[in-house]
Structures are given as structure tokens and as C-alpha cells.
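Asks: Take this structure first; my questions come after.
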Amino acid sequence: MTGLEWVTSLVRRCMIRGRRGTRHGSQRLDQVELTGAATRRLARTARACGSVLKMAQAIAHDPDLLILDEPLAGMDPIARRKTIRMIKEWGRAGKSVIVSSHILHEIEAMTADILLINHGRILAEGNVHQIRDLIDEHPHTVSIKADRTRSLAREFLVFDHVLSLKFEGESVVVQTARPDAFYTRLTELAASGEIGAIHEVTSPDDNLRPCSSTW
């Protein structure tokens with residue numbers, strides 16, 4: 001199946017049939033900025049595009065409530081930025097959106113309203129600053145793999161919140177005292193294309209996986 005055929009088949013399950021269903025599916029691909037995947041076979045679709053296609057499927061029937069589990073998984077920085085923008089736009093349009101994730105900086109880019117849940121119990125509730133005050137007791141470590149790692153490292157040197165950096169193979173490993181500001185600037189650099197492609201961003205400190213939590 002192509003991307004359009006797949007989304008359209010799901011639209012038709014919502015009783016939107018015929019040409020209207022095809023048109024509706026095409027509109028959903030436009031909405032998630034994935035028109036280019038309309039004629040591409042799913043088997044040849046990159047993982048990032050596949051994640052965005054799932055977003056198109058989720059909004060196929062124009063729901064009032066969206067429940068998204070790790071919606072940014074597998075996406076590159078540009079796709080993540082677009083998806084975060086879409087999620088915020090849906091909220092502003094009056095939709096209710098619940099996002100489950102253990103990646104703190106992704107959630108704080110979408111909303112200020114956060115619940116920290118562990119084994120079904122609410123441990124904390126509040127805005128991102130209140131939540132971060134509860135968990136931020138040490139610098140955050142971030143590892144970035146890019147085409148031009150050394151150029152990227154030179155950019156990081158002017159960040160006043162970067163405490164240290166080192167090279168590990170093809171990656172540059174950074175310690176920052178302000179992960180919010182760091183990720184914002186990193187996303188801006190990725191979007192500008194000034195330092196080439198960024199392939200991977202990982203952090204052992206910027207997630208809550210050890211406590212099996214949901215945001």
C-alpha cells in the first residue's frame with residue numbers, strides 16, 4: 001500500500017467512502033505535511049515518515065480527543081519540531097491532547113501542564129518548572145551524532161550553559177546546566193542547516209525510564 005491508500009483505508013472505516021474518502025485522506029497527509037509520501041510504498045517509507053503517517057491516521061476522523069503514546073519516537077529533529085507544532089495547534093483549535101512520554105524536554109515543548117505518574121499513582125502535578133525543580137539535581141548529559149561533529153562542538157562552546165564537552169567516536173558529548181535552553185538551540189541549529197545533518201540525539205539524564213513514569 002502507499003501512504004495515501006493506507007490513510008484512506010482508515011478514513012473509510014470511519015464511514016467516509018468513495019472519492020470523498022480519498023480526498024479526506026489526502027487532506028490529512030497535507031495536514032501533517034507529508035504529501036510526498038502519498039504515492040510512496042509503506043515498505044520503502046523511512047521510519048520518521050512512518051511515525052508521521054501514524055499521526056495522519058490518528059486524526060483521520062477529526063477526533064475531539066487525541067491520545068498519543070511516544071509520538072516523536074523515531075523522528076529526526078526536523079520531524080519532531082513539525083510534530084510538536086502540530087500538537088500545539090490541535091490544542092489551540094480546541095482539541096484535547098494527552099501525550100505519554102518519558103522524555104522531559106519533548107513534553108515541555110508541547111505543554112506546561114504535566115502529571116508525573118508511577119505505577120498508576122500521581123506523584124506530582126504542575127508546570128514544567130515545578131516538575132523540573134523536583135528532578136533536576138545534576139547537570140544533564142547529551143550525546144549528539146552529526147555530519148559535522150566538530151563544527152557543532154564549536155557552536156556549543158559559546159553557550160554559557162554548556163559545562164563541558166568531549167568527543168566519543170562520531171559523537172560529541174555535552175554536559176549542560178540548562179537542558180531547556182540547550183535543546184531549543186540545538187533544534188534551531190538543526191532547522192537552519194548551518195552545521196549539516198544531525199543524525200542522533202540521546203541522553204541518559206533526560207528521561208524518566210528508570211522510574212517507569214508517564215508524562
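To be explicit about the labels: the chains of the C-alpha cells are called A, B, and onward in the order shown, and within each one the residues are counted from 1, while ligands get numbers from 1 in the order they are shown.
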DSSP on the backbone: which residues in region 95-144 of chain A end up as strand (DSSP E)? Give the answer as a PDB file with N, CA and C atoms, in the first residue's frame.
Replies:
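Output file part.pdb is given in full below:
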ATOM      1  N   SER A  96      -8.591  18.096  22.694  1.00  0.00           N
ATOM      2  CA  SER A  96      -7.919  17.618  23.898  1.00  0.00           C
ATOM      3  C   SER A  96      -6.830  16.643  23.478  1.00  0.00           C
ATOM      4  N   VAL A  97      -5.597  16.882  23.929  1.00  0.00           N
ATOM      5  CA  VAL A  97      -4.465  16.050  23.533  1.00  0.00           C
ATOM      6  C   VAL A  97      -3.745  15.559  24.787  1.00  0.00           C
ATOM      7  N   ILE A  98      -3.634  14.237  24.913  1.00  0.00           N
ATOM      8  CA  ILE A  98      -2.888  13.623  26.011  1.00  0.00           C
ATOM      9  C   ILE A  98      -1.675  12.927  25.408  1.00  0.00           C
ATOM     10  N   VAL A  99      -0.491  13.290  25.878  1.00  0.00           N
ATOM     11  CA  VAL A  99       0.752  12.716  25.362  1.00  0.00           C
ATOM     12  C   VAL A  99       1.462  11.968  26.482  1.00  0.00           C
ATOM     13  N   SER A 100       1.794  10.720  26.217  1.00  0.00           N
ATOM     14  CA  SER A 100       2.567   9.915  27.161  1.00  0.00           C
ATOM     15  C   SER A 100       4.008   9.848  26.677  1.00  0.00           C
ATOM     16  N   ILE A 114       1.708  19.190  33.351  1.00  0.00           N
ATOM     17  CA  ILE A 114       2.352  17.889  33.408  1.00  0.00           C
ATOM     18  C   ILE A 114       1.891  17.101  34.633  1.00  0.00           C
ATOM     19  N   LEU A 115       1.658  15.809  34.417  1.00  0.00           N
ATOM     20  CA  LEU A 115       1.420  14.863  35.504  1.00  0.00           C
ATOM     21  C   LEU A 115       2.562  13.852  35.482  1.00  0.00           C
ATOM     22  N   LEU A 116       3.147  13.593  36.627  1.00  0.00           N
ATOM     23  CA  LEU A 116       4.155  12.550  36.763  1.00  0.00           C
ATOM     24  C   LEU A 116       3.482  11.355  37.424  1.00  0.00           C
ATOM     25  N   ILE A 117       3.401  10.233  36.695  1.00  0.00           N
ATOM     26  CA  ILE A 117       2.664   9.055  37.157  1.00  0.00           C
ATOM     27  C   ILE A 117       3.619   7.867  37.269  1.00  0.00           C
ATOM     28  N   ASN A 118       3.533   7.164  38.368  1.00  0.00           N
ATOM     29  CA  ASN A 118       4.355   5.981  38.585  1.00  0.00           C
ATOM     30  C   ASN A 118       3.468   4.850  39.090  1.00  0.00           C
ATOM     31  N   ARG A 121      -0.053   5.815  40.079  1.00  0.00           N
ATOM     32  CA  ARG A 121      -0.211   6.836  41.119  1.00  0.00           C
ATOM     33  C   ARG A 121       0.367   8.158  40.639  1.00  0.00           C
ATOM     34  N   ILE A 122      -0.361   9.255  40.858  1.00  0.00           N
ATOM     35  CA  ILE A 122       0.130  10.587  40.519  1.00  0.00           C
ATOM     36  C   ILE A 122       1.124  11.017  41.594  1.00  0.00           C
ATOM     37  N   LEU A 123       2.382  11.212  41.181  1.00  0.00           N
ATOM     38  CA  LEU A 123       3.424  11.619  42.114  1.00  0.00           C
ATOM     39  C   LEU A 123       3.584  13.128  42.180  1.00  0.00           C
ATOM     40  N   ALA A 124       3.317  13.796  41.068  1.00  0.00           N
ATOM     41  CA  ALA A 124       3.481  15.246  41.026  1.00  0.00           C
ATOM     42  C   ALA A 124       2.612  15.817  39.922  1.00  0.00           C
ATOM     43  N   GLU A 125       2.209  17.067  40.100  1.00  0.00           N
ATOM     44  CA  GLU A 125       1.394  17.765  39.117  1.00  0.00           C
ATOM     45  C   GLU A 125       1.771  19.235  39.134  1.00  0.00           C
ATOM     46  N   GLY A 126       1.932  19.827  37.957  1.00  0.00           N
ATOM     47  CA  GLY A 126       2.273  21.244  37.917  1.00  0.00           C
ATOM     48  C   GLY A 126       2.863  21.638  36.586  1.00  0.00           C
ATOM     49  N   HIS A 140      22.882  17.823  32.975  1.00  0.00           N
ATOM     50  CA  HIS A 140      22.359  16.861  32.009  1.00  0.00           C
ATOM     51  C   HIS A 140      23.399  16.556  30.938  1.00  0.00           C
ATOM     52  N   THR A 141      23.541  15.288  30.622  1.00  0.00           N
ATOM     53  CA  THR A 141      24.470  14.844  29.597  1.00  0.00           C
ATOM     54  C   THR A 141      23.702  14.526  28.324  1.00  0.00           C
ATOM     55  N   VAL A 142      24.198  15.058  27.198  1.00  0.00           N
ATOM     56  CA  VAL A 142      23.551  14.846  25.904  1.00  0.00           C
ATOM     57  C   VAL A 142      24.605  14.430  24.894  1.00  0.00           C
ATOM     58  N   SER A 143      24.321  13.373  24.140  1.00  0.00           N
ATOM     59  CA  SER A 143      25.232  12.895  23.103  1.00  0.00           C
ATOM     60  C   SER A 143      24.601  13.157  21.739  1.00  0.00           C
ATOM     61  N   ILE A 144      25.363  13.801  20.831  1.00  0.00           N
ATOM     62  CA  ILE A 144      24.852  14.158  19.508  1.00  0.00           C
ATOM     63  C   ILE A 144      25.760  13.597  18.434  1.00  0.00           C
TER      64      ILE A 144
END
Asks: Measure the distance from CA of Arg150 (chain A) to CA of Ile198 (chain A) in Å and round it to one decimal.
Replies: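 Taking CA of Arg150 (chain A) as the start and CA of Ile198 (chain A) as the end point, the length is 12.2 Å.
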Asks: Counting only C-alpha atoms, which residues in region 61-125 of chain A sit no more than 12 Å from region 14-25 of chain A? For each one, give the nearest pair of atoms and the distance in Å, sorted by chain then residue number, as a tab-separated table.
Replies:
residue	atom	partner	partner_atom	distance
A:His61	CA	A:Cys14	CA	6.4
A:Asp62	CA	A:Cys14	CA	10.1
A:Pro63	CA	A:Cys14	CA	10.9
Asks: So that I can see what lies close to Thr35 (chain A), please list as a list in words the residues with an atom at most 12 Å from it, counting only C-alpha atoms and leaving out residues fewer than 4 positions away in the same chain.
Replies: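 In the requested format, the answer is Thr2, Gly3, Leu4, Val7, Gly25, Ser26, Gln27, Arg28, Leu29, Asp30, Gln31, Thr39, Arg40, Cys49, Val52, Leu53 and Ala56 of chain A.
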